[in-house]
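Peer 1: Have a peek at start_10.csv (CSV, C-alpha atoms).
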chain,number,residue,atom,x,y,z
T,444,MET,CA,67.9,-30.2,37.5
T,445,ARG,CA,70.3,-31.3,34.8
T,446,ILE,CA,71.7,-34.0,37.1
T,447,LEU,CA,68.2,-35.4,37.6
T,448,ARG,CA,67.5,-35.4,33.9
T,449,PHE,CA,70.9,-37.1,33.3
T,450,ILE,CA,70.1,-39.8,36.0
T,451,LEU,CA,66.7,-40.4,34.5
T,452,LEU,CA,68.2,-40.7,31.0
T,453,VAL,CA,70.7,-43.2,32.3
T,454,LEU,CA,68.0,-45.3,34.0
T,455,VAL,CA,65.9,-45.3,30.8
T,456,THR,CA,68.9,-46.3,28.7
T,457,LEU,CA,69.8,-49.1,31.1
T,458,ALA,CA,66.2,-50.4,31.1
T,459,ALA,CA,66.2,-50.3,27.2
T,460,ILE,CA,69.5,-52.2,27.1
T,461,GLY,CA,68.2,-54.7,29.6
T,462,ALA,CA,65.1,-55.3,27.6
T,463,ALA,CA,67.0,-55.6,24.3
T,464,VAL,CA,69.4,-58.2,25.9
T,465,LEU,CA,66.5,-60.2,27.2
T,466,LEU,CA,64.8,-60.2,23.8
T,467,THR,CA,68.0,-61.2,22.1
T,468,ILE,CA,68.6,-64.1,24.5
T,469,ASP,CA,65.0,-65.3,25.0
T,470,GLY,CA,62.9,-63.5,22.5
T,471,ASN,CA,60.0,-63.3,25.0
T,472,LEU,CA,58.4,-59.8,25.3
T,473,SER,CA,55.8,-61.3,27.7
T,474,ARG,CA,58.5,-61.5,30.4
T,475,ILE,CA,58.7,-57.7,30.3
T,476,ILE,CA,55.1,-56.7,30.0
T,477,GLY,CA,53.8,-59.5,32.2
T,478,ARG,CA,50.3,-61.0,32.5
T,479,THR,CA,48.2,-60.1,35.5
T,480,ALA,CA,45.3,-62.6,35.2
T,481,PHE,CA,44.3,-66.0,33.8
T,482,SER,CA,40.6,-66.5,33.0
T,483,SER,CA,39.0,-69.9,33.3
T,484,GLY,CA,38.6,-71.5,29.9
T,485,GLU,CA,41.3,-69.3,28.3
T,486,ARG,CA,44.1,-71.1,26.5
T,487,LEU,CA,47.4,-70.7,28.2
T,488,PHE,CA,49.3,-69.8,25.0
T,489,PRO,CA,46.9,-68.1,22.6
T,490,TYR,CA,48.7,-69.0,19.3
T,491,THR,CA,47.1,-70.1,16.1
T,492,LYS,CA,47.9,-73.6,14.7
T,493,GLU,CA,49.9,-71.9,12.0
T,494,GLU,CA,52.0,-70.1,14.6
T,495,MET,CA,52.5,-73.3,16.6
T,496,ASN,CA,53.7,-75.0,13.4
T,497,GLU,CA,56.6,-72.5,13.3
T,498,ILE,CA,58.1,-74.1,16.4
T,499,SER,CA,61.3,-75.9,15.5
T,500,TRP,CA,63.2,-76.5,18.7
T,501,MET,CA,62.3,-77.9,22.1
T,502,ARG,CA,64.0,-78.7,25.4
T,503,ILE,CA,62.7,-81.1,28.0
T,504,ASN,CA,64.0,-81.1,31.6
T,505,CYS,CA,62.7,-84.1,33.5
T,506,GLY,CA,64.0,-85.6,36.7
T,507,GLY,CA,67.5,-84.1,36.4
T,508,ASP,CA,67.8,-85.2,32.8
T,509,MET,CA,67.6,-82.9,29.8
T,510,ALA,CA,66.9,-83.5,26.1
T,511,GLU,CA,67.0,-81.1,23.2
T,512,PHE,CA,65.4,-81.6,19.8
T,513,ARG,CA,65.3,-79.6,16.5
T,514,ARG,CA,62.9,-80.0,13.6
T,515,ARG,CA,64.7,-80.5,10.4
T,516,PRO,CA,63.6,-79.0,7.1
T,517,ASN,CA,61.9,-82.3,6.1
T,518,GLY,CA,59.7,-82.1,9.2
T,519,VAL,CA,61.5,-84.8,11.2
T,520,TRP,CA,62.3,-84.0,14.8
T,521,TRP,CA,65.9,-84.9,15.6
T,522,GLY,CA,67.6,-85.3,19.0
T,523,GLU,CA,70.7,-83.1,19.6
T,524,LYS,CA,71.2,-83.9,23.3
T,525,PRO,CA,71.8,-86.4,24.9
T,526,TRP,CA,71.7,-88.6,21.8
T,527,ASP,CA,71.9,-88.0,18.1
T,528,ASP,CA,68.8,-89.8,17.0
T,529,ARG,CA,65.2,-89.4,15.8
T,530,MET,CA,62.6,-88.1,18.3
T,531,ASP,CA,59.5,-90.2,18.4
T,532,PRO,CA,57.1,-88.2,16.2
T,533,ARG,CA,54.1,-89.2,18.3
T,534,ALA,CA,55.8,-87.6,21.4
T,535,ALA,CA,56.6,-84.4,19.4
T,536,ALA,CA,53.0,-84.2,18.1
T,537,ALA,CA,51.5,-84.8,21.6
T,538,ILE,CA,53.7,-82.0,23.2
T,539,LEU,CA,52.8,-79.5,20.5
T,540,GLN,CA,49.1,-80.4,20.6
T,541,TYR,CA,49.1,-80.1,24.4
T,542,THR,CA,50.9,-76.7,24.3
T,543,TYR,CA,48.4,-75.4,21.7
T,544,SER,CA,45.2,-76.7,23.3
T,545,THR,CA,45.7,-76.6,27.1
T,546,SER,CA,43.4,-74.1,28.8
T,547,ILE,CA,43.1,-72.8,32.3
T,548,VAL,CA,40.6,-74.4,34.7
T,549,ASP,CA,41.8,-72.6,37.8
T,550,ALA,CA,44.7,-70.6,39.3
T,551,LEU,CA,46.0,-71.2,42.8
T,552,PRO,CA,48.1,-68.4,44.4
T,553,LEU,CA,51.2,-70.1,45.7
T,554,HIS,CA,51.5,-67.9,48.8
T,555,LYS,CA,48.1,-69.2,50.0
T,556,ILE,CA,49.1,-72.8,49.8
T,557,ASP,CA,50.2,-74.7,52.9
T,558,SER,CA,53.9,-75.8,52.3
T,559,ALA,CA,53.1,-79.2,53.8
T,560,SER,CA,50.7,-79.9,51.0
T,561,LEU,CA,52.8,-78.5,48.2
T,562,LYS,CA,54.2,-81.9,47.3
T,563,GLU,CA,50.9,-83.1,45.8
T,564,PHE,CA,51.1,-80.5,43.1
T,565,GLY,CA,54.4,-81.8,41.8
T,566,VAL,CA,55.6,-78.6,40.3
T,567,LYS,CA,58.4,-78.4,42.9
T,568,THR,CA,59.0,-82.0,43.7
T,569,THR,CA,58.6,-83.8,40.4
T,570,PRO,CA,58.7,-81.1,37.7
T,571,ILE,CA,58.9,-81.5,34.0
T,572,THR,CA,59.8,-78.3,32.2
T,573,ILE,CA,59.1,-77.8,28.5
T,574,THR,CA,60.6,-75.0,26.5
T,575,LEU,CA,59.6,-74.4,22.9
T,576,LYS,CA,61.3,-72.0,20.5
T,577,GLU,CA,61.1,-70.8,16.9
T,578,MET,CA,64.7,-70.9,15.5
T,579,SER,CA,66.1,-69.0,12.6
T,580,ALA,CA,67.3,-71.1,9.6
T,581,ASP,CA,71.0,-70.6,10.6
T,582,GLY,CA,70.2,-71.4,14.3
T,583,LYS,CA,71.7,-68.2,15.6
T,584,ARG,CA,68.5,-66.4,16.6
T,585,SER,CA,65.6,-67.8,18.6
T,586,SER,CA,62.3,-66.7,20.0
T,587,THR,CA,60.7,-68.5,22.9
T,588,VAL,CA,57.1,-69.4,22.1
T,589,ALA,CA,56.2,-71.3,25.2
T,590,ARG,CA,57.7,-72.4,28.5
T,591,TYR,CA,55.9,-74.2,31.3
T,592,THR,CA,56.4,-76.8,34.1
T,593,LEU,CA,54.2,-79.8,34.5
T,594,GLY,CA,53.5,-81.2,38.0
T,595,SER,CA,51.1,-84.0,39.0
T,596,THR,CA,47.7,-85.0,37.6
T,597,ALA,CA,45.0,-82.9,39.1
T,598,PRO,CA,41.8,-84.4,40.5
T,599,TRP,CA,39.4,-82.4,38.2
T,600,LEU,CA,37.8,-83.6,35.1
T,601,VAL,CA,36.5,-81.2,32.5
T,602,ASP,CA,33.9,-81.7,29.7
T,603,ASP,CA,35.0,-81.1,26.1
T,604,PRO,CA,31.7,-80.4,24.3
T,605,GLU,CA,33.4,-80.2,20.9
T,606,ASN,CA,34.7,-83.7,21.0
T,607,GLN,CA,32.0,-85.0,23.4
T,608,THR,CA,34.7,-86.3,25.8
T,609,THR,CA,35.9,-85.7,29.3
T,610,ASP,CA,39.5,-84.5,29.7
T,611,ASP,CA,42.0,-85.0,32.5
T,612,THR,CA,43.7,-82.0,34.1
T,613,THR,CA,47.3,-81.3,35.2
T,614,TYR,CA,48.9,-79.0,37.7
T,615,MET,CA,51.4,-76.7,36.1
T,616,GLN,CA,53.3,-73.4,36.4
T,617,THR,CA,54.7,-71.0,33.8
T,618,ASP,CA,57.2,-68.1,34.1
T,619,PHE,CA,56.6,-67.2,30.5
T,620,TYR,CA,54.6,-64.2,31.4
T,621,GLY,CA,56.9,-63.0,34.1
T,622,ARG,CA,57.6,-64.2,37.6
T,623,ASP,CA,54.2,-65.8,38.2
T,624,SER,CA,54.1,-68.1,41.2
T,625,ARG,CA,50.5,-69.3,40.8
T,626,ILE,CA,49.9,-73.0,40.4
T,627,LEU,CA,47.6,-73.5,37.4
T,628,VAL,CA,45.2,-76.3,36.6
T,629,GLY,CA,45.3,-76.9,32.9
T,630,THR,CA,43.3,-79.2,30.7
T,631,GLY,CA,44.9,-82.3,29.2
T,632,ASN,CA,47.6,-84.7,30.4
T,633,ILE,CA,50.8,-85.7,28.7
T,634,LEU,CA,52.6,-87.0,31.8
T,635,PRO,CA,52.6,-90.6,30.5
T,636,LEU,CA,55.1,-89.5,28.0
T,637,PHE,CA,57.6,-89.0,30.8
T,638,LYS,CA,56.9,-92.1,33.0
T,639,SER,CA,60.4,-93.3,32.1
T,640,GLY,CA,62.0,-89.9,32.1
T,641,ILE,CA,63.3,-88.7,28.7
T,642,ARG,CA,63.8,-92.2,27.4
T,643,GLN,CA,60.4,-92.5,25.8
T,644,LEU,CA,61.0,-89.3,23.7
T,645,ARG,CA,63.5,-91.2,21.6
T,646,ASP,CA,62.1,-93.1,18.6
T,647,HIS,CA,63.1,-96.7,19.3
T,648,ARG,CA,61.7,-98.0,16.0
T,649,PRO,CA,64.7,-99.0,13.8
T,650,LEU,CA,62.8,-98.2,10.5
T,651,LEU,CA,60.8,-95.1,9.9
T,652,ILE,CA,58.4,-96.9,7.6
T,653,HIS,CA,55.0,-98.4,8.0
T,654,PRO,CA,55.4,-102.0,9.2
T,655,ALA,CA,53.0,-103.3,6.5
T,656,MET,CA,55.1,-101.9,3.6
T,657,PRO,CA,58.2,-104.2,3.4
T,658,ALA,CA,57.7,-107.6,1.7
T,659,SER,CA,61.2,-108.8,2.6
T,660,ILE,CA,64.0,-108.0,5.1
T,661,GLU,CA,67.6,-109.0,4.9
T,662,ILE,CA,69.8,-108.9,8.1
T,663,ASN,CA,73.6,-109.0,7.8
T,664,ASN,CA,75.6,-109.3,11.1
T,665,LYS,CA,79.2,-110.3,11.2
T,666,GLY,CA,79.1,-112.4,8.1
T,667,GLN,CA,75.8,-114.0,8.9
T,668,ARG,CA,72.9,-113.3,6.5
T,669,ILE,CA,69.3,-113.9,7.3
T,670,ALA,CA,66.5,-113.1,4.9
T,671,LEU,CA,62.8,-112.9,5.9
T,672,GLU,CA,59.8,-112.7,3.6
T,673,ARG,CA,56.1,-112.2,4.0
T,674,PRO,CA,53.8,-114.9,2.5
T,675,LEU,CA,52.1,-113.9,-0.7
T,676,PRO,CA,48.6,-112.5,-0.4
T,677,ILE,CA,45.6,-114.8,-0.9
T,678,PRO,CA,44.3,-114.3,-4.5
T,679,GLY,CA,41.1,-112.3,-4.4
T,680,LEU,CA,41.7,-111.0,-0.9
T,681,PRO,CA,43.8,-107.8,-1.2
T,682,GLY,CA,45.9,-107.1,1.8
T,683,LYS,CA,45.3,-110.6,3.3
T,684,SER,CA,48.0,-113.3,3.5
T,685,LEU,CA,48.1,-116.9,4.7
T,686,ILE,CA,50.1,-115.9,7.7
T,687,PRO,CA,49.5,-112.1,8.1
T,688,SER,CA,51.3,-111.6,11.4
T,689,ARG,CA,54.4,-113.8,10.8
T,690,TRP,CA,57.7,-113.6,8.9
T,691,ILE,CA,59.1,-116.7,7.3
T,692,ARG,CA,62.9,-117.3,7.2
T,693,THR,CA,63.7,-118.1,3.6
T,694,ARG,CA,67.5,-118.5,3.6
T,695,ARG,CA,70.5,-118.0,5.8
As structure tokens - that is how I would like this structure written.
Peer 2:
Amino acid sequence: MRILRFILLVLVTLAAIGAAVLLTIDGNLSRIIGRTAFSSGERLFPYTKEEMNEISWMRINCGGDMAEFRRRPNGVWWGEKPWDDRMDPRAAAAILQYTYSTSIVDALPLHKIDSASLKEFGVKTTPITITLKEMSADGKRSSTVARYTLGSTAPWLVDDPENQTTDDTTYMQTDFYGRDSRILVGTGNILPLFKSGIRQLRDHRPLLIHPAMPASIEINNKGQRIALERPLPIPGLPGKSLIPSRWIRTRR
């Protein structure tokens, strides 16, 4: 009897250690408790906008390439891999908004799907995996907030009564709630962000300022200096200029 109690105690201890290790590495309790059902119309990740705003790190795996980004204290998303540069803020906002708002249209059990037709869903052949985490200030601790894999655009369209629009849908999968193999149909579509892989996630604008703000620009390159200026606004017409869409070279 004592041996059985000892064995049971060992098993419980090992299970507790395993859970603690998993939470330390991934911070995702849902992988332990699981999720047994998805209801139509239910948001995939039921966080508030305030909770979504706590996300400060993301990883994108796309077509064999991987990019990692971290949100700095000033709110700017910055690339850590594969380049040290700004992330396009429009891409970051789109990913966060999609993660917050996507809701379930349908769930398709993978074991009931013909393997010959699996390619059309894209979750195995052309996957895009997004992982979002909340990081501690020192970067040593993290908690996974969301993780999912996008596939292909789904043929369904759904009505959005709140905005009086019609939304696209996307095939997707998530292992965030355990080893779930169902292919989900979720509202929304951010696949155009990845039409060129991870390249579009980088902010290719050289200046992070509104294009209408500067009145003059000076360019210095290997001893050559070029200065450009906007024409002065027309008197009485604020914000209008004689040549509003052109820059004039003033000196070299």
Peer 1: Fewer than 3 positions away in the same chain doesn't count, so skip those; otherwise give me all residues within 10 Å of region 610-612 of chain T, counting all atoms listed in the file, as a ChimeraX atom specification.
Peer 2: /T:545-548,595-603,606-607,615,627-633
Peer 1: Would you compute the distance between CA of Leu551 (chain T) and CA of Ile626 (chain T)? Give it in Å to one decimal.
Peer 2: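 One can read the CA of Leu551 (chain T) to CA of Ile626 (chain T) distance as 4.9 Å.
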Peer 1: Rank nothing, just name the residue among T:Arg642, T:Arg673, T:Lys665, T:Lys562 nearest to Trp526 (chain T), using all atoms listed in the file.
Peer 2: T:Arg642
Peer 1: So how far away is CA of Pro570 (chain T) from CA of Gly518 (chain T), in Å?
Peer 2: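 Separation of CA of Gly518 (chain T) and CA of Pro570 (chain T): 28.5 Å.
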Peer 1: Skipping near chain neighbours, those fewer than 3 positions away, what residues fall within 10 Å of Leu539 (chain T) using all atoms listed in the file, listed as a list in words?
Peer 2: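 Selected residues are Lys492, Met495, Asn496, Ile498, Met501, Ala534, Ala535, Ala536, Thr542, Tyr543, Ser544 and Leu575 of chain T.
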Peer 1: Go ahead and save the picked residues with C-alpha atoms, as an mmCIF file, in the frame of the given file.
Peer 2:
data_model
loop_
_atom_site.group_PDB
_atom_site.id
_atom_site.type_symbol
_atom_site.label_atom_id
_atom_site.label_comp_id
_atom_site.auth_asym_id
_atom_site.auth_seq_id
_atom_site.Cartn_x
_atom_site.Cartn_y
_atom_site.Cartn_z
ATOM 1 C CA LYS T 492 47.900 -73.600 14.700
ATOM 2 C CA MET T 495 52.500 -73.300 16.600
ATOM 3 C CA ASN T 496 53.700 -75.000 13.400
ATOM 4 C CA ILE T 498 58.100 -74.100 16.400
ATOM 5 C CA MET T 501 62.300 -77.900 22.100
ATOM 6 C CA ALA T 534 55.800 -87.600 21.400
ATOM 7 C CA ALA T 535 56.600 -84.400 19.400
ATOM 8 C CA ALA T 536 53.000 -84.200 18.100
ATOM 9 C CA THR T 542 50.900 -76.700 24.300
ATOM 10 C CA TYR T 543 48.400 -75.400 21.700
ATOM 11 C CA SER T 544 45.200 -76.700 23.300
ATOM 12 C CA LEU T 575 59.600 -74.400 22.900
#
Peer 1: Just how far from CA of Asp646 (chain T) is CA of Met530 (chain T), in Å to one decimal?
Peer 2: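 Answer for the CA of Met530 (chain T) to CA of Asp646 (chain T) separation: 5.0 Å.
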Peer 1: Taking (54.1, -72.8, 41.9) in the coordinates of the supplied file, I want to know which residues reach to within 8 Å of it, counting all atoms listed in the file; could you give the answer as a ChimeraX atom specification?
Peer 2: /T:552-553,566-567,615-616,623-627
Peer 1: Find, counting all atoms listed in the file, the residue in T:Ala510, T:Ile660, T:Leu644, T:Leu561 that gets nearest to Glu672 (chain T).
Peer 2: T:Ile660
Peer 1: Would you mind telling me which residue in T:Val588, T:Met578, T:Ala670, T:Ile573 lies nearest to Met509 (chain T) when using only C-alpha atoms?
Peer 2: T:Ile573
Peer 1: Identify which of the residues T:Gly666, T:Glu605, T:Leu671, T:Ala589 lies closest to Pro489 (chain T), counting all atoms listed in the file when measuring atom-to-atom distances.
Peer 2: T:Ala589
Peer 1: Which one of T:Asn517, T:Asn664, T:Thr592, T:Ser482 sits closest to Gly565 (chain T) if you count only C-alpha atoms?
Peer 2: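 Smallest separation from Gly565 (chain T) among the options: T:Thr592.
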